[in-house]
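Asks: Sending over start-v2.csv (CSV, C-alpha atoms).
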chain,number,residue,atom,x,y,z
A,1,MET,CA,55.6,348.5,21.3
A,2,HIS,CA,52.6,349.6,19.2
A,3,PHE,CA,52.8,347.7,15.9
A,4,ASP,CA,49.4,348.6,14.4
A,5,LEU,CA,47.8,351.7,13.0
A,6,PRO,CA,47.7,354.9,15.1
A,7,LEU,CA,44.7,355.1,17.4
A,8,GLU,CA,43.0,357.8,15.4
A,9,GLN,CA,43.1,355.6,12.3
A,10,LEU,CA,41.9,352.6,14.3
A,11,ARG,CA,38.8,354.4,15.5
A,12,VAL,CA,37.6,354.8,11.9
A,13,HIS,CA,39.0,351.5,10.5
A,14,SER,CA,36.1,349.7,8.8
A,15,PRO,CA,37.3,347.4,6.0
A,16,GLU,CA,35.1,346.1,3.2
A,17,LEU,CA,35.1,342.4,4.0
A,18,VAL,CA,33.8,339.8,1.7
A,19,ARG,CA,30.4,338.7,2.9
A,20,PRO,CA,28.9,335.7,1.1
A,21,ALA,CA,25.7,336.3,-0.8
A,22,ASP,CA,23.9,333.6,1.2
A,23,PHE,CA,25.4,334.7,4.5
A,24,GLU,CA,22.1,335.5,6.3
A,25,SER,CA,20.2,332.5,4.8
A,26,PHE,CA,23.1,330.2,5.8
A,27,TRP,CA,22.8,331.3,9.4
A,28,SER,CA,19.0,331.4,9.4
A,29,ASN,CA,18.8,327.8,8.1
A,30,THR,CA,21.5,326.6,10.5
A,31,LEU,CA,19.6,327.9,13.5
A,32,THR,CA,16.3,326.6,12.2
A,33,GLN,CA,17.8,323.1,11.9
A,34,ALA,CA,19.4,323.4,15.4
A,35,ARG,CA,16.1,324.4,17.0
A,36,GLU,CA,14.3,321.3,15.6
A,37,ILE,CA,16.1,319.4,18.3
A,38,PRO,CA,14.7,319.8,21.8
A,39,LEU,CA,17.0,321.9,24.1
A,40,ASP,CA,16.7,319.2,26.8
A,41,VAL,CA,18.3,321.2,29.7
A,42,GLN,CA,19.5,318.9,32.5
A,43,CYS,CA,20.9,320.0,35.8
A,44,GLU,CA,22.5,318.2,38.7
A,45,GLU,CA,23.4,320.0,41.9
A,46,VAL,CA,27.0,319.9,43.1
A,47,GLU,CA,27.4,320.4,46.9
A,48,LEU,CA,30.5,322.6,47.5
A,49,GLY,CA,29.5,324.1,50.8
A,50,PHE,CA,29.7,327.6,49.5
A,51,PRO,CA,27.3,329.8,51.6
A,52,GLY,CA,24.8,331.8,49.5
A,53,LEU,CA,25.6,330.0,46.2
A,54,ARG,CA,24.1,327.0,44.4
A,55,THR,CA,26.4,325.2,41.8
A,56,LEU,CA,24.8,323.0,39.2
A,57,ASP,CA,26.4,320.8,36.5
A,58,LEU,CA,24.2,321.8,33.6
A,59,SER,CA,24.0,320.3,30.1
A,60,PHE,CA,21.9,321.0,27.0
A,61,ALA,CA,21.6,319.9,23.4
A,62,GLY,CA,23.9,321.9,21.2
A,63,PHE,CA,24.6,321.6,17.5
A,64,GLY,CA,23.2,318.3,16.2
A,65,GLY,CA,22.0,317.4,19.6
A,66,ASP,CA,25.5,317.0,21.1
A,67,ARG,CA,25.5,317.4,24.8
A,68,ILE,CA,27.3,320.7,25.9
A,69,ARG,CA,28.2,321.1,29.5
A,70,ALA,CA,28.4,324.2,31.7
A,71,TRP,CA,28.6,325.2,35.3
A,72,LEU,CA,25.5,327.1,36.5
A,73,ARG,CA,26.1,329.2,39.6
A,74,ILE,CA,23.1,330.9,41.2
A,75,PRO,CA,23.2,333.3,44.2
A,76,THR,CA,20.6,332.4,46.7
A,77,HIS,CA,20.0,335.9,48.1
A,78,SER,CA,16.9,336.6,46.0
A,79,GLN,CA,13.5,334.8,45.7
A,80,GLU,CA,13.0,336.7,42.4
A,81,PRO,CA,14.5,335.7,39.0
A,82,LEU,CA,18.0,337.1,38.6
A,83,PRO,CA,19.7,338.6,35.5
A,84,GLY,CA,21.9,336.1,33.8
A,85,LEU,CA,25.4,336.1,32.3
A,86,VAL,CA,26.5,333.5,29.8
A,87,GLN,CA,30.3,333.3,29.7
A,88,PHE,CA,32.4,331.9,27.0
A,89,HIS,CA,36.1,331.1,27.3
A,90,GLY,CA,39.5,331.7,25.6
A,91,TYR,CA,41.1,329.5,23.0
A,92,ARG,CA,42.0,326.0,24.3
A,93,GLY,CA,40.1,326.6,27.6
A,94,GLY,CA,36.9,325.1,29.0
A,95,ARG,CA,34.3,325.7,31.7
A,96,GLY,CA,36.9,325.1,34.5
A,97,LEU,CA,36.2,323.2,37.7
A,98,ALA,CA,33.1,323.5,39.8
A,99,HIS,CA,34.8,325.3,42.7
A,100,GLU,CA,36.7,327.8,40.7
A,101,PRO,CA,35.8,331.4,41.9
A,102,GLN,CA,33.7,333.5,39.5
A,103,LEU,CA,33.1,337.2,39.7
A,104,TRP,CA,29.6,337.2,38.2
A,105,PRO,CA,27.7,335.2,40.8
A,106,GLN,CA,29.5,337.2,43.5
A,107,ALA,CA,28.1,340.3,41.8
A,108,GLY,CA,24.5,338.9,42.0
A,109,PHE,CA,24.1,337.3,38.6
A,110,ALA,CA,23.0,333.8,37.6
A,111,HIS,CA,26.2,332.7,35.8
A,112,LEU,CA,26.6,330.0,33.1
A,113,SER,CA,30.2,329.1,32.4
A,114,VAL,CA,30.0,327.2,29.1
A,115,ASP,CA,32.4,324.6,27.7
A,116,THR,CA,33.7,325.1,24.1
A,117,ARG,CA,33.3,321.7,22.5
A,118,GLY,CA,36.6,319.8,22.1
A,119,GLN,CA,38.6,322.4,24.1
A,120,GLY,CA,39.7,322.5,27.7
A,121,GLY,CA,42.8,320.4,27.7
A,122,SER,CA,45.3,323.3,28.0
A,123,TRP,CA,44.7,325.9,30.6
A,124,MET,CA,41.1,325.7,31.9
A,125,ALA,CA,39.5,322.3,32.2
A,126,GLY,CA,36.7,321.2,29.8
A,127,SER,CA,34.6,318.1,29.6
A,128,THR,CA,32.7,318.4,26.4
A,129,PRO,CA,34.0,316.5,23.3
A,130,ASP,CA,33.5,317.5,19.7
A,131,PRO,CA,32.1,314.2,18.2
A,132,ARG,CA,31.8,315.8,14.8
A,133,GLY,CA,35.5,316.4,14.0
A,134,GLY,CA,36.5,318.0,10.7
A,135,THR,CA,36.6,316.2,7.3
A,136,ASN,CA,40.0,317.6,6.2
A,137,PRO,CA,43.6,317.3,7.5
A,138,GLU,CA,44.0,319.5,10.5
A,139,THR,CA,46.8,321.3,12.3
A,140,ALA,CA,47.0,321.2,16.1
A,141,GLY,CA,44.0,323.1,17.4
A,142,TRP,CA,40.6,323.9,15.9
A,143,LEU,CA,40.8,326.8,13.4
A,144,THR,CA,41.3,324.4,10.5
A,145,ARG,CA,38.9,321.7,11.6
A,146,GLY,CA,36.4,321.3,8.7
A,147,ILE,CA,37.7,324.4,6.9
A,148,SER,CA,37.0,322.9,3.5
A,149,SER,CA,33.3,323.6,3.8
A,150,PRO,CA,31.1,326.1,5.8
A,151,ALA,CA,28.7,323.2,6.6
A,152,ASP,CA,31.5,321.3,8.3
A,153,TYR,CA,33.5,324.1,9.8
A,154,TYR,CA,34.2,323.8,13.6
A,155,TYR,CA,32.9,327.2,14.5
A,156,ARG,CA,29.5,326.5,12.9
A,157,ARG,CA,29.0,324.1,15.7
A,158,VAL,CA,30.5,326.4,18.3
A,159,PHE,CA,28.4,329.4,17.4
A,160,VAL,CA,25.2,327.2,17.4
A,161,ASP,CA,26.3,325.9,20.8
A,162,ALA,CA,26.6,329.5,22.0
A,163,VAL,CA,23.0,330.4,20.8
A,164,ARG,CA,21.7,327.3,22.5
A,165,ALA,CA,23.5,328.2,25.7
A,166,VAL,CA,21.7,331.5,25.8
A,167,GLU,CA,18.4,329.7,25.2
A,168,ALA,CA,19.2,327.3,27.9
A,169,MET,CA,19.9,330.1,30.3
A,170,ARG,CA,16.6,331.9,29.4
A,171,SER,CA,14.7,328.7,30.0
A,172,LEU,CA,15.6,328.5,33.7
A,173,PRO,CA,13.0,329.7,36.2
A,174,GLU,CA,15.7,331.3,38.4
A,175,VAL,CA,16.7,333.7,35.5
A,176,GLU,CA,15.0,336.8,34.2
A,177,ALA,CA,14.8,335.9,30.5
A,178,ASP,CA,14.8,339.5,29.3
A,179,LEU,CA,18.0,340.2,31.2
A,180,VAL,CA,20.5,337.7,29.8
A,181,PHE,CA,23.9,338.9,28.7
A,182,ALA,CA,26.8,337.3,26.9
A,183,ALA,CA,30.5,337.8,27.8
A,184,GLY,CA,34.0,336.5,27.2
A,185,GLY,CA,37.6,337.3,26.4
A,186,SER,CA,39.7,336.5,23.4
A,187,GLN,CA,37.9,333.5,21.7
A,188,GLY,CA,35.2,333.9,24.3
A,189,GLY,CA,34.8,337.5,23.3
A,190,GLY,CA,34.4,336.5,19.6
A,191,ILE,CA,31.9,333.8,20.6
A,192,ALA,CA,29.9,336.3,22.7
A,193,LEU,CA,29.7,338.7,19.8
A,194,ALA,CA,28.6,335.9,17.5
A,195,ALA,CA,25.9,335.0,20.0
A,196,ALA,CA,24.7,338.7,20.1
A,197,SER,CA,24.6,338.6,16.3
A,198,LEU,CA,22.6,335.4,16.0
A,199,VAL,CA,20.3,335.7,19.0
A,200,GLY,CA,19.0,339.1,18.1
A,201,ASP,CA,17.6,340.3,21.4
A,202,LEU,CA,20.3,339.8,24.0
A,203,ALA,CA,20.3,342.4,26.9
A,204,GLY,CA,23.9,343.2,26.1
A,205,VAL,CA,27.3,341.7,25.3
A,206,ALA,CA,30.7,342.4,26.9
A,207,ALA,CA,33.7,341.2,24.7
A,208,ASP,CA,37.3,341.7,25.7
A,209,VAL,CA,40.2,341.6,23.1
A,210,PRO,CA,37.9,339.4,20.8
A,211,PHE,CA,39.4,336.7,18.6
A,212,LEU,CA,37.9,335.5,15.2
A,213,CYS,CA,37.5,339.0,13.8
A,214,ASP,CA,38.6,340.1,10.3
A,215,PHE,CA,40.4,336.9,9.3
A,216,PRO,CA,42.2,338.4,6.2
A,217,GLU,CA,43.8,341.2,8.2
A,218,ALA,CA,44.5,338.9,11.2
A,219,LEU,CA,46.4,336.4,9.0
A,220,SER,CA,48.4,339.2,7.3
A,221,LEU,CA,49.5,340.5,10.7
A,222,THR,CA,50.3,337.2,12.3
A,223,SER,CA,54.0,336.5,12.9
A,224,ASP,CA,53.7,333.6,15.3
A,225,ASN,CA,52.4,330.4,13.8
A,226,SER,CA,51.8,328.9,17.3
A,227,THR,CA,48.8,331.2,17.8
A,228,GLY,CA,45.3,330.5,16.7
A,229,TYR,CA,45.5,332.5,13.5
A,230,GLY,CA,48.9,330.8,12.8
A,231,GLU,CA,47.1,327.5,12.5
A,232,VAL,CA,45.5,328.7,9.3
A,233,ILE,CA,48.8,329.9,8.0
A,234,GLN,CA,50.4,326.6,8.7
A,235,TYR,CA,47.6,324.8,6.9
A,236,LEU,CA,48.0,327.0,3.8
A,237,MET,CA,51.8,326.5,3.9
A,238,VAL,CA,51.0,322.9,2.9
A,239,HIS,CA,47.6,323.2,1.2
A,240,ARG,CA,48.6,326.0,-1.1
A,241,ASP,CA,45.9,325.4,-3.7
A,242,GLU,CA,43.1,325.8,-1.1
A,243,GLU,CA,43.5,329.5,-0.3
A,244,ARG,CA,40.3,330.5,-2.0
A,245,THR,CA,38.3,327.7,-0.3
A,246,VAL,CA,39.7,328.6,3.1
A,247,PHE,CA,38.9,332.3,2.9
A,248,ASP,CA,35.4,331.5,1.4
A,249,THR,CA,34.7,329.3,4.4
A,250,LEU,CA,36.1,331.8,7.0
A,251,ALA,CA,33.9,334.6,5.6
A,252,TYR,CA,30.8,332.9,7.1
A,253,PHE,CA,32.3,332.8,10.6
A,254,ASP,CA,34.2,336.1,10.6
A,255,VAL,CA,32.8,337.9,13.6
A,256,ALA,CA,33.4,341.2,11.8
A,257,ASN,CA,30.8,340.0,9.3
A,258,LEU,CA,28.4,338.6,11.9
A,259,VAL,CA,28.3,341.8,14.0
A,260,THR,CA,26.6,343.6,11.0
A,261,LEU,CA,23.5,341.7,12.3
A,262,ALA,CA,24.0,342.6,16.0
A,263,GLU,CA,22.0,345.3,17.8
A,264,ALA,CA,22.4,344.5,21.5
A,265,PRO,CA,24.2,347.1,23.6
A,266,ALA,CA,27.9,346.3,23.4
A,267,LEU,CA,31.0,346.9,25.6
A,268,VAL,CA,34.3,345.9,23.8
A,269,SER,CA,37.9,346.3,25.0
A,270,VAL,CA,41.1,346.4,22.9
A,271,ALA,CA,44.8,346.4,23.8
A,272,LEU,CA,47.1,348.3,21.5
A,273,MET,CA,50.1,346.0,22.1
A,274,ASP,CA,48.1,342.9,21.4
A,275,THR,CA,49.9,340.8,18.8
A,276,VAL,CA,47.5,337.8,19.3
A,277,CYS,CA,44.3,339.7,18.4
A,278,PRO,CA,45.7,342.7,16.6
A,279,PRO,CA,43.9,346.0,17.4
A,280,ARG,CA,43.0,346.5,13.8
A,281,THR,CA,40.9,343.3,13.8
A,282,VAL,CA,39.1,344.3,17.0
A,283,PHE,CA,38.3,347.8,15.7
A,284,ALA,CA,37.1,346.2,12.4
A,285,ALA,CA,34.4,344.3,14.4
A,286,PHE,CA,33.6,347.2,16.6
A,287,ASN,CA,33.2,349.7,13.8
A,288,ARG,CA,31.1,347.3,11.8
A,289,TYR,CA,28.8,346.5,14.7
A,290,ARG,CA,25.3,347.3,13.6
A,291,GLY,CA,23.9,348.6,16.9
A,292,SER,CA,24.6,352.2,17.8
A,293,ASP,CA,24.7,351.6,21.6
A,294,LYS,CA,28.3,350.5,21.8
A,295,GLU,CA,31.5,351.5,23.7
A,296,ILE,CA,35.1,350.5,23.2
A,297,VAL,CA,37.7,350.7,26.0
A,298,VAL,CA,41.3,351.1,24.9
A,299,TYR,CA,44.3,349.9,26.9
A,300,PRO,CA,47.4,351.5,25.2
A,301,TYR,CA,50.1,349.6,27.1
A,302,ASN,CA,48.7,346.1,27.3
A,303,GLY,CA,49.0,343.0,25.2
A,304,HIS,CA,46.6,340.2,24.9
A,305,GLU,CA,45.9,340.2,28.6
A,306,GLY,CA,43.9,343.4,28.0
A,307,GLY,CA,42.5,345.3,31.0
A,308,THR,CA,42.4,342.2,33.3
A,309,ALA,CA,40.7,342.8,36.6
A,310,GLN,CA,40.1,346.5,35.9
A,311,GLN,CA,38.2,345.7,32.7
A,312,ALA,CA,36.3,342.8,34.5
A,313,TRP,CA,34.9,345.2,37.1
A,314,ARG,CA,34.1,347.8,34.4
A,315,ALA,CA,32.0,345.0,32.7
A,316,VAL,CA,30.2,344.3,35.9
A,317,GLU,CA,29.3,348.0,36.4
A,318,TRP,CA,28.3,348.3,32.7
A,319,VAL,CA,26.0,345.2,32.9
A,320,ARG,CA,24.5,346.4,36.2
A,321,SER,CA,23.7,349.7,34.6
A,322,ARG,CA,21.9,347.9,31.8
A,323,CYS,CA,19.8,345.9,34.2
A,324,THR,CA,18.6,349.1,36.0
A,325,ALA,CA,18.1,351.2,32.8
With the file now loaded, output its structure as structure tokens.
Replies:
Amino acid sequence: MHFDLPLEQLRVHSPELVRPADFESFWSNTLTQAREIPLDVQCEEVELGFPGLRTLDLSFAGFGGDRIRAWLRIPTHSQEPLPGLVQFHGYRGGRGLAHEPQLWPQAGFAHLSVDTRGQGGSWMAGSTPDPRGGTNPETAGWLTRGISSPADYYYRRVFVDAVRAVEAMRSLPEVEADLVFAAGGSQGGGIALAAASLVGDLAGVAADVPFLCDFPEALSLTSDNSTGYGEVIQYLMVHRDEERTVFDTLAYFDVANLVTLAEAPALVSVALMDTVCPPRTVFAAFNRYRGSDKEIVVYPYNGHEGGTAQQAWRAVEWVRSRCTA
């Protein structure tokens, strides 16, 4: 059942979100500090016996120099540098296992499947810890970790890791540095949009049913406290006097604010029966996206699974078209 605004209203929905006065300087200073630490990309080949495909256990220095791990998969059909796709993953998931099949390398792209620090213990295996846990009491999960301060907030580290992942991909001799894309679904879609906002010159971004968009509206529409947004509600049920602090912090990491900096071509998808990442929040990010080269694909009868394999192939065709443009 559709529970959100009618589609014609969603297409023009662009809320006036609170954006901190020092928003751009906060992120500029954060990235400047991050880049003072050498990227230090390290790779170790993993022999899987897959014909036509190299698999490497890659790591790089993320936020604060913490080692972030990823699987790098490189098709061996070409002697020339290949376009690259950096993939981020959904909430509670990690980079997976080395042998897990991936569409992107099969489609001819160098593919980097990146851990989200501290995640990967639920549905897709991860192996990167978050050694800089939050400074405040936390609910289960990550949305409240460090939420008392923008400097300590968990997604500050995650978004810096994402930028560094793109930079690591671009540093590889097997990759065409000008043709690196970011992609992901749910949390991964939100991280990919954040990367497009902070890197500045990505070749493109494909984000499906993105999470972390328009926190105020997302919290007002959340009815299930077991979901990601519900963690914030649970926190405020106990820490009632911290509402202003919480929303002030979240404003720095709201993807609907970050995308006002993004200009890379963008392909976004939304599902109108999605109660996890409500359509209104996805359209808020899409409609506020700074770049004019953008497209949104609507799935009227799907929930948070979105367009699944159909949308995945649509993304492949879209990215290929950008490579040949």
Asks: If we count all atoms listed in the file, what is near range 140-153 of chain A at a cut-off of 7 Å, once residues fewer than 5 positions away on the same chain are taken out, given as an MDAnalysis selection string?
Replies: chainID A and resid 133:135 228 231:232 245:246 249 252
Asks: Take CA of Leu272 in chain A and CA of Thr222 in chain A and report the distance between them in Å, one decimal.
Replies: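 Separating CA of Leu272 in chain A from CA of Thr222 in chain A is a distance of 14.8 Å.
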Asks: Find the spatial neighbours of Ala203 in chain A, counting only C-alpha atoms, within a cut-off of 9 Å - ignore same-chain residues fewer than 5 positions away - and output them as a list in words.
Replies: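 My reading of the contact set: Asp178, Leu179, Val180, Phe181, Ala182, Ala196, Ala264, Pro265, Val319, Arg322 and Cys323 of chain A.
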Asks: Work out how far apart CA of His13 in chain A and CA of Phe215 in chain A are and give it in Å to one decimal.
Replies: 14.7 Å
Asks: May I ask for the distance between CA of Leu219 in chain A and CA of Leu236 in chain A, given in Å to one decimal place?
Replies: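 According to the coordinates, CA of Leu219 in chain A and CA of Leu236 in chain A are separated by 10.9 Å.
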Asks: Please check which residues have atoms at most 8 Å from (38.0, 353.2, 22.0) in the file's coordinates, counting only C-alpha atoms, and write them as a ChimeraX atom specification.
Replies: /A:11,269-270,295-298
Asks: Select, from A:Pro216, A:Gly200, A:Gly96, A:Pro210, the residue with the minimum atom-to-atom distance to Ser28 in chain A, counting all atoms listed in the file.
Replies: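 Among the listed residues, A:Gly200 lies closest to Ser28 in chain A.
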Asks: Between A:Leu82, A:Ala207, A:Ala194, A:Cys43, which one has atoms that come closest to Pro173 in chain A, using all atoms listed in the file?
Replies: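 That would be A:Leu82, the residue with the smallest distance to Pro173 in chain A.
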Asks: Nearest to Leu39 in chain A among A:Phe63, A:Phe26, A:Tyr301, A:Tyr91, with distances taken over all atoms listed in the file: which residue is it?
Replies: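 With all atoms listed in the file as the atom set, the closest residue is A:Phe63.
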Asks: Give me the residues near Gly230 in chain A as a list in words, where near means some atom within 10 Å (using only C-alpha atoms) and where sequence neighbours in that chain fewer than 4 positions away do not count.
Replies: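 The neighbour list is Thr139, Leu143, Ala218, Leu219, Leu221, Thr222, Ser223, Asp224, Asn225, Ser226, Gln234, Tyr235, Leu236 and Val276 of chain A.
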Asks: Excluding Leu258 in chain A and any residue of its chain fewer than 2 positions from it, enumerate the residues within 12 Å of it, using only C-alpha atoms, and give them as a ChimeraX atom specification.
Replies: /A:17-20,23-24,26-27,159,190-200,212-214,250-256,260-263,284-286,288-290
Asks: Using only C-alpha atoms, which of the listed residues (A:Arg54, A:His2, A:Arg92, A:Arg164) sits closest to Ile68 in chain A?
Replies: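 Smallest separation from Ile68 in chain A among the options: A:Arg164.
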Asks: Taking all atoms listed in the file into account, name the residue in A:Gly120, A:Gly62, A:Gly93, A:Pro131 that is nearest to Val158 in chain A.
Replies: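 Smallest distance to Val158 in chain A is found for A:Gly62.
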Asks: A:Gln187, A:Gln42, A:Asn257, A:Thr275: which is nearest Phe3 in chain A, counting only C-alpha atoms?
Replies: A:Thr275
Asks: Export range 123-133 of chain A, all heavy atoms, as a CSV table (one decimal), in the first residue's frame; it's the structure right above.
Replies:
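Output below, filename selection-v7.csv:
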chain,number,residue,atom,x,y,z
A,123,TRP,N,24.3,-9.7,7.6
A,123,TRP,CA,23.8,-10.4,6.4
A,123,TRP,C,24.9,-10.5,5.3
A,123,TRP,O,24.9,-11.4,4.5
A,123,TRP,CB,22.6,-9.7,5.8
A,123,TRP,CG,22.8,-8.3,5.4
A,123,TRP,CD1,22.8,-7.2,6.2
A,123,TRP,CD2,23.1,-7.9,4.0
A,123,TRP,NE1,23.1,-6.1,5.4
A,123,TRP,CE2,23.2,-6.4,4.1
A,123,TRP,CE3,23.2,-8.5,2.8
A,123,TRP,CZ2,23.5,-5.7,3.0
A,123,TRP,CZ3,23.5,-7.7,1.7
A,123,TRP,CH2,23.6,-6.3,1.8
A,124,MET,N,25.9,-9.7,5.3
A,124,MET,CA,27.0,-9.7,4.3
A,124,MET,C,28.3,-9.5,5.1
A,124,MET,O,28.4,-8.5,5.8
A,124,MET,CB,26.8,-8.7,3.3
A,124,MET,CG,26.9,-9.2,1.8
A,124,MET,SD,26.8,-7.9,0.6
A,124,MET,CE,28.3,-8.1,-0.3
A,125,ALA,N,29.2,-10.5,5.1
A,125,ALA,CA,30.3,-10.5,6.0
A,125,ALA,C,31.2,-9.2,5.8
A,125,ALA,O,31.4,-8.8,4.6
A,125,ALA,CB,31.2,-11.7,5.7
A,126,GLY,N,31.7,-8.7,6.9
A,126,GLY,CA,32.7,-7.6,6.8
A,126,GLY,C,33.8,-8.0,7.7
A,126,GLY,O,33.8,-8.8,8.6
A,127,SER,N,35.0,-7.3,7.5
A,127,SER,CA,36.2,-7.6,8.3
A,127,SER,C,36.9,-6.3,8.7
A,127,SER,O,38.1,-6.4,9.0
A,127,SER,CB,37.1,-8.5,7.4
A,127,SER,OG,37.3,-8.0,6.1
A,128,THR,N,36.2,-5.2,8.7
A,128,THR,CA,36.9,-3.9,9.1
A,128,THR,C,36.2,-3.4,10.4
A,128,THR,O,35.0,-3.1,10.4
A,128,THR,CB,36.7,-2.8,8.0
A,128,THR,OG1,37.3,-3.3,6.8
A,128,THR,CG2,37.3,-1.5,8.4
A,129,PRO,N,37.0,-3.3,11.5
A,129,PRO,CA,36.4,-2.8,12.7
A,129,PRO,C,36.3,-1.3,12.7
A,129,PRO,O,36.8,-0.6,11.8
A,129,PRO,CB,37.5,-3.2,13.8
A,129,PRO,CG,38.8,-3.2,13.0
A,129,PRO,CD,38.4,-3.7,11.6
A,130,ASP,N,35.6,-0.7,13.6
A,130,ASP,CA,35.5,0.7,13.8
A,130,ASP,C,36.2,1.0,15.1
A,130,ASP,O,35.6,1.0,16.2
A,130,ASP,CB,34.1,1.2,13.8
A,130,ASP,CG,34.1,2.8,14.1
A,130,ASP,OD1,35.1,3.4,13.8
A,130,ASP,OD2,33.0,3.3,14.5
A,131,PRO,N,37.5,1.2,15.1
A,131,PRO,CA,38.3,1.4,16.4
A,131,PRO,C,38.0,2.7,17.1
A,131,PRO,O,38.5,2.9,18.2
A,131,PRO,CB,39.7,1.4,15.9
A,131,PRO,CG,39.7,1.8,14.5
A,131,PRO,CD,38.4,1.4,14.0
A,132,ARG,N,37.2,3.6,16.5
A,132,ARG,CA,36.9,4.9,17.1
A,132,ARG,C,35.4,5.0,17.4
A,132,ARG,O,34.7,5.8,16.9
A,132,ARG,CB,37.3,6.0,16.1
A,132,ARG,CG,38.7,6.0,15.7
A,132,ARG,CD,39.0,6.8,14.5
A,132,ARG,NE,40.3,6.6,14.0
A,132,ARG,CZ,41.4,7.3,14.4
A,132,ARG,NH1,41.3,8.3,15.2
A,132,ARG,NH2,42.6,7.0,13.9
A,133,GLY,N,34.9,4.1,18.3
A,133,GLY,CA,33.5,4.0,18.7
A,133,GLY,C,33.1,5.4,19.2
A,133,GLY,O,33.8,6.2,19.6
